[in-house]
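Engineer: Following this message is one structure expressed as structure tokens.
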Amino acid sequence: MANAVPHLSLSIGEHSVNEGALEILKVIRPNWHTSDVRFKLFTDGITNKLVGCFNQPNQNDNGQAPSKQNKGSPVDATLDKDVVLVRVYGNKTDLLIDRRKEVENILLLHQHGYAPALYATFDNGLAYAYEAGVTLTPVTCQEERVWPLVARRMAQIHKVRPTEPANPGPALPAKVHQFLQLVPERFSDPTINDRVWQTFPRASELRAEFDALYARLLALGSPLVFCHNDLLLGNVIYNEAHAKVTFIDYEYAALNHQAFDIGNHFTEFAGVDEIDYERYPSREFQQRWLREYLLEYGATDDAPPPSPSVTVSAVERLYVQVNQYALASHFLWAVWALVQAEHSTIDFDFVRFGATRFLEYRRKKDEFLRLTLPE
């Protein structure tokens, strides 16, 4: 499946993204003139560089180079409907992500209408279609016009079945153990090293902690489905004009526990740059969201939603599963942040991010694990 798009033997430096993007456009948009290409550098991501490229002829009469915008809202798609996004992977992120599987995930979900078109791959990134709209915020993710779209889209993706044989097990334990293997005994930067061990126990203790947590979670019986696994608010594009949402960035998509994907999304309501866990959705909101999800998840071609089969007990069961798996989400991304703190060159405080998630895991652990499944 990965051979369905061209691969360019090209590596783009993080400080020459626009120049590298032009080389890619020569292949996938040969009719575009270099002097007409405009760029917009997106700032939402914390592990990759992402630039939007669009064709704007006859706007550069003085002969100057194309403009380079550094901040702002998403590209105005009215300028040109054919906007190409070029994403350059962060330093050493191949330690964390199977890039071959990422391409397969995008192609699979694009076939179902759930992911943007993939135009090309290159040695350290992707070029794909721009989805018009705006990313969600801690405010819009709970708006009545938005959240049902997200719930239904997640349910639809959870019903996708990969054409290849499924992985032998869920992604969650494999990813946590993979990340833990990459946590150094001592960080290269002494300041980072001191800050990390002020909050975190050593990797061996973290491993024992997670294994005990996961044993508890397995007893909940959350089914394995095809999950996005990283549905932070910046990975949800809302198109108000068409009342639709699109999920992007399928780096971590894989078979996983249904409740993890939902619980992970709920933890992201807190935001990234200014994390506030008071924004974690209330029980009442979650139950409404989960009912909407279950209506879509249980729907078939023969029995489209609304389905009468969603019971109070089914919603409550999923509520318990989701909140307990939210603990695993905090744990996973806390350990992920430690790996990024050692290797990433992105200007982001990964230690602070990881510590915030780990402390929230500890704060909510007893409360969430006291929840019990309905009889």
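Labeling convention for the structure tokens: chains A, B, ... as they appear, residues from 1 per chain, ligands from 1 in order of appearance.
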So that I can check the surroundings of Arg283 in chain A, please list as a list in words every protein, DNA and RNA residue that reaches within 12 Å of it, counting only C-alpha atoms and ignoring chain neighbours fewer than 5 positions away.

Structural biologist: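 Residues near the query, excluding close chain neighbours: Phe266, Arg288, Trp289, Leu290, Val315, Glu316, Leu318, Tyr319, Val320, Val322, Asn323, Phe368 and Leu371 of chain A.
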
Engineer: Counting only C-alpha atoms, what is within 12 Å of Val103 in chain A, bar same-chain residues fewer than 5 positions away, as a ChimeraX atom specification?

Structural biologist: /A:1-7,97-98,108-110,115-122,125-128,249-254

Engineer: With distances taken over only C-alpha atoms, which of A:Thr34, A:Ser204, A:Gln111, A:Thr267 is nearest to Asp230 in chain A?

Structural biologist: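 Ranked by minimum distance to Asp230 in chain A, first place goes to A:Thr267.
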
Engineer: Using DSSP on the backbone coordinates, identify the residues of range 90-329 of chain A assigned to helix (DSSP H, G or I); present them as a PyMOL selection string.

Structural biologist: chain A and resi 93-95+99-111+140-142+147-158+171-182+190-199+203-218+233-235+258-270+277-279+283-297+312-329

Engineer: Could you tell me how far CA of Val236 in chain A lies from CA of Glu268 in chain A, in Å and to one decimal?

Structural biologist: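 Going from CA of Val236 in chain A over to CA of Glu268 in chain A, I get 11.2 Å.
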
Engineer: When distances are computed from only C-alpha atoms, which of A:Ala203, A:Trp333, A:Leu10, A:Leu136 shows the smallest separation from Asp123 in chain A?

Structural biologist: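 Ranking A:Ala203, A:Trp333, A:Leu10, A:Leu136 by distance to Asp123 in chain A, first place goes to A:Leu10.
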
Engineer: How close does range 174-283 of chain A get to range 337-342 of chain A? List, as CSV, each residue of range 174-283 of chain A within 9 Å, its nearest atom pair and the distance in Å to one decimal, counting only C-alpha atoms.

Structural biologist:
```
residue,atom,partner,partner_atom,distance
A:Phe179,CA,A:Val339,CA,6.8
A:Leu180,CA,A:Val339,CA,8.2
A:Leu182,CA,A:Val339,CA,6.2
A:Val183,CA,A:Val339,CA,5.5
A:Pro184,CA,A:Glu342,CA,7.9
A:Phe187,CA,A:Glu342,CA,6.1
A:Ser188,CA,A:Glu342,CA,6.8
A:Asp189,CA,A:Glu342,CA,7.8
A:Ile192,CA,A:Ala341,CA,7.5
A:Val196,CA,A:Leu338,CA,7.7
```

Engineer: Go ahead and dump the residues you just picked, N, CA, C and O atoms, as an mmCIF file, in the first residue's frame.

Structural biologist:
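again_3.cif, freshly written:
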```
data_model
loop_
_atom_site.group_PDB
_atom_site.id
_atom_site.type_symbol
_atom_site.label_atom_id
_atom_site.label_comp_id
_atom_site.auth_asym_id
_atom_site.auth_seq_id
_atom_site.Cartn_x
_atom_site.Cartn_y
_atom_site.Cartn_z
ATOM 1 N N PHE A 179 8.847 3.068 24.739
ATOM 2 C CA PHE A 179 9.301 4.374 25.208
ATOM 3 C C PHE A 179 10.192 4.241 26.443
ATOM 4 O O PHE A 179 11.200 4.938 26.574
ATOM 5 N N LEU A 180 9.800 3.353 27.357
ATOM 6 C CA LEU A 180 10.590 3.179 28.573
ATOM 7 C C LEU A 180 12.003 2.698 28.256
ATOM 8 O O LEU A 180 12.963 3.080 28.941
ATOM 9 N N LEU A 182 13.695 3.639 25.875
ATOM 10 C CA LEU A 182 14.427 4.772 25.308
ATOM 11 C C LEU A 182 14.721 5.875 26.330
ATOM 12 O O LEU A 182 15.412 6.840 26.012
ATOM 13 N N VAL A 183 14.183 5.740 27.541
ATOM 14 C CA VAL A 183 14.455 6.735 28.582
ATOM 15 C C VAL A 183 15.874 6.524 29.107
ATOM 16 O O VAL A 183 16.199 5.445 29.599
ATOM 17 N N PRO A 184 16.728 7.517 28.995
ATOM 18 C CA PRO A 184 18.119 7.322 29.427
ATOM 19 C C PRO A 184 18.254 7.272 30.948
ATOM 20 O O PRO A 184 17.432 7.848 31.669
ATOM 21 N N PHE A 187 20.244 11.989 31.485
ATOM 22 C CA PHE A 187 19.997 12.829 30.315
ATOM 23 C C PHE A 187 21.255 13.630 29.969
ATOM 24 O O PHE A 187 22.029 14.018 30.846
ATOM 25 N N SER A 188 21.428 13.874 28.675
ATOM 26 C CA SER A 188 22.638 14.546 28.198
ATOM 27 C C SER A 188 22.787 15.948 28.774
ATOM 28 O O SER A 188 23.896 16.382 29.101
ATOM 29 N N ASP A 189 21.673 16.638 28.888
ATOM 30 C CA ASP A 189 21.678 17.995 29.441
ATOM 31 C C ASP A 189 21.538 17.897 30.968
ATOM 32 O O ASP A 189 20.524 17.408 31.461
ATOM 33 N N ILE A 192 18.250 19.333 32.376
ATOM 34 C CA ILE A 192 17.114 18.456 32.099
ATOM 35 C C ILE A 192 17.166 17.239 33.002
ATOM 36 O O ILE A 192 16.144 16.817 33.568
ATOM 37 N N VAL A 196 14.091 16.200 35.502
ATOM 38 C CA VAL A 196 13.337 14.957 35.309
ATOM 39 C C VAL A 196 13.233 14.176 36.603
ATOM 40 O O VAL A 196 12.147 13.769 37.037
#
```

Engineer: Which is closest to Arg202 in chain A among A:Val335, A:Ala215, A:Ile275, A:Met154, if we use only C-alpha atoms?

Structural biologist: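 Nearest to Arg202 in chain A: A:Val335.
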
Engineer: Please provide as a list in words all residues within 10 Å of Ser309 in chain A, with the sequence filter that same-chain residues fewer than 4 positions apart are discarded (counting only C-alpha atoms).

Structural biologist: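 Near Ser309 in chain A, the qualifying residues are Leu294, Leu295, Gly298, Ala299 and Ala314 of chain A.
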
Engineer: Could you write those residues out with C-alpha atoms, as a short mmCIF file (atom, residue, chain, number, x, y, z; two decimals), in the first residue's frame?

Structural biologist:
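Result went into result-v7.cif, see below:
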```
data_model
loop_
_atom_site.label_atom_id
_atom_site.label_comp_id
_atom_site.auth_asym_id
_atom_site.auth_seq_id
_atom_site.Cartn_x
_atom_site.Cartn_y
_atom_site.Cartn_z
CA LEU A 294 -22.21 4.39 20.81
CA LEU A 295 -25.12 5.32 18.55
CA GLY A 298 -23.50 0.34 16.79
CA ALA A 299 -24.95 1.58 13.52
CA ALA A 314 -23.71 0.56 28.10
#
```

Engineer: Choose the residue, out of A:Leu255, A:Leu327, A:Val272, A:Ile248, that has the smallest atom-to-atom separation from Pro162 in chain A; count only C-alpha atoms.

Structural biologist: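 Once distances to Pro162 in chain A are computed over only C-alpha atoms, the minimum belongs to A:Leu255.
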
Engineer: Which polymer residues have any atom within 12 Å of an atom of Asp276 in chain A, counting only C-alpha atoms, with same-chain residues fewer than 4 positions away left out, as a JSON list (two decimals) with N, CA and C atoms, in the first residue's frame?

Structural biologist:
```
[["chain", "number", "residue", "atom", "x", "y", "z"],
["A", 138, "PRO", "N", -9.54, 24.28, 23.56],
["A", 138, "PRO", "CA", -10.23, 23.81, 24.78],
["A", 138, "PRO", "C", -11.66, 24.34, 24.92],
["A", 139, "VAL", "N", -11.99, 25.39, 24.18],
["A", 139, "VAL", "CA", -13.36, 25.91, 24.21],
["A", 139, "VAL", "C", -14.22, 25.21, 23.16],
["A", 267, "THR", "N", -8.47, 13.65, 27.85],
["A", 267, "THR", "CA", -7.36, 14.30, 28.58],
["A", 267, "THR", "C", -6.83, 15.50, 27.82],
["A", 268, "GLU", "N", -7.00, 15.48, 26.50],
["A", 268, "GLU", "CA", -6.47, 16.58, 25.68],
["A", 268, "GLU", "C", -7.34, 17.83, 25.75],
["A", 269, "PHE", "N", -8.53, 17.74, 26.36],
["A", 269, "PHE", "CA", -9.36, 18.93, 26.54],
["A", 269, "PHE", "C", -8.61, 19.98, 27.37],
["A", 270, "ALA", "N", -7.61, 19.55, 28.12],
["A", 270, "ALA", "CA", -6.85, 20.45, 28.99],
["A", 270, "ALA", "C", -5.95, 21.40, 28.21],
["A", 271, "GLY", "N", -5.68, 21.09, 26.92],
["A", 271, "GLY", "CA", -4.79, 21.91, 26.13],
["A", 271, "GLY", "C", -3.35, 21.42, 26.23],
["A", 272, "VAL", "N", -2.46, 22.09, 25.49],
["A", 272, "VAL", "CA", -1.05, 21.69, 25.44],
["A", 272, "VAL", "C", -0.15, 22.79, 25.97],
["A", 280, "TYR", "N", -10.98, 19.09, 31.99],
["A", 280, "TYR", "CA", -11.34, 17.68, 31.74],
["A", 280, "TYR", "C", -12.85, 17.55, 31.79],
["A", 281, "PRO", "N", -13.46, 16.88, 30.82],
["A", 281, "PRO", "CA", -14.93, 16.93, 30.71],
["A", 281, "PRO", "C", -15.63, 16.30, 31.91],
["A", 353, "PHE", "N", 5.97, 19.42, 30.33],
["A", 353, "PHE", "CA", 4.80, 18.72, 29.81],
["A", 353, "PHE", "C", 4.68, 17.33, 30.43],
["A", 356, "THR", "N", 3.79, 17.40, 34.14],
["A", 356, "THR", "CA", 2.38, 17.77, 34.34],
["A", 356, "THR", "C", 1.47, 16.57, 34.13],
["A", 357, "ARG", "N", 1.73, 15.78, 33.10],
["A", 357, "ARG", "CA", 0.90, 14.61, 32.83],
["A", 357, "ARG", "C", 1.10, 13.53, 33.89],
["A", 360, "GLU", "N", -0.68, 14.51, 37.05],
["A", 360, "GLU", "CA", -2.14, 14.36, 36.91],
["A", 360, "GLU", "C", -2.52, 12.89, 36.99]]
```

Engineer: Kindly indicate which residue among A:Leu50, A:Asp273, A:Pro30, A:Arg100 lies nearest to Val17 in chain A, using only C-alpha atoms for the distances.

Structural biologist: A:Leu50

Engineer: Pick out the closest residue to Glu144 in chain A from this set: A:Phe285, A:Phe39, A:Tyr277, A:Trp32. Count only C-alpha atoms.

Structural biologist: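 The answer is A:Phe285, which sits nearest to Glu144 in chain A.
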
Engineer: Between CA of Gly169 in chain A and CA of Ala212 in chain A, measure the distance and give it in Å to one decimal.

Structural biologist: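 It comes out at 17.7 Å.
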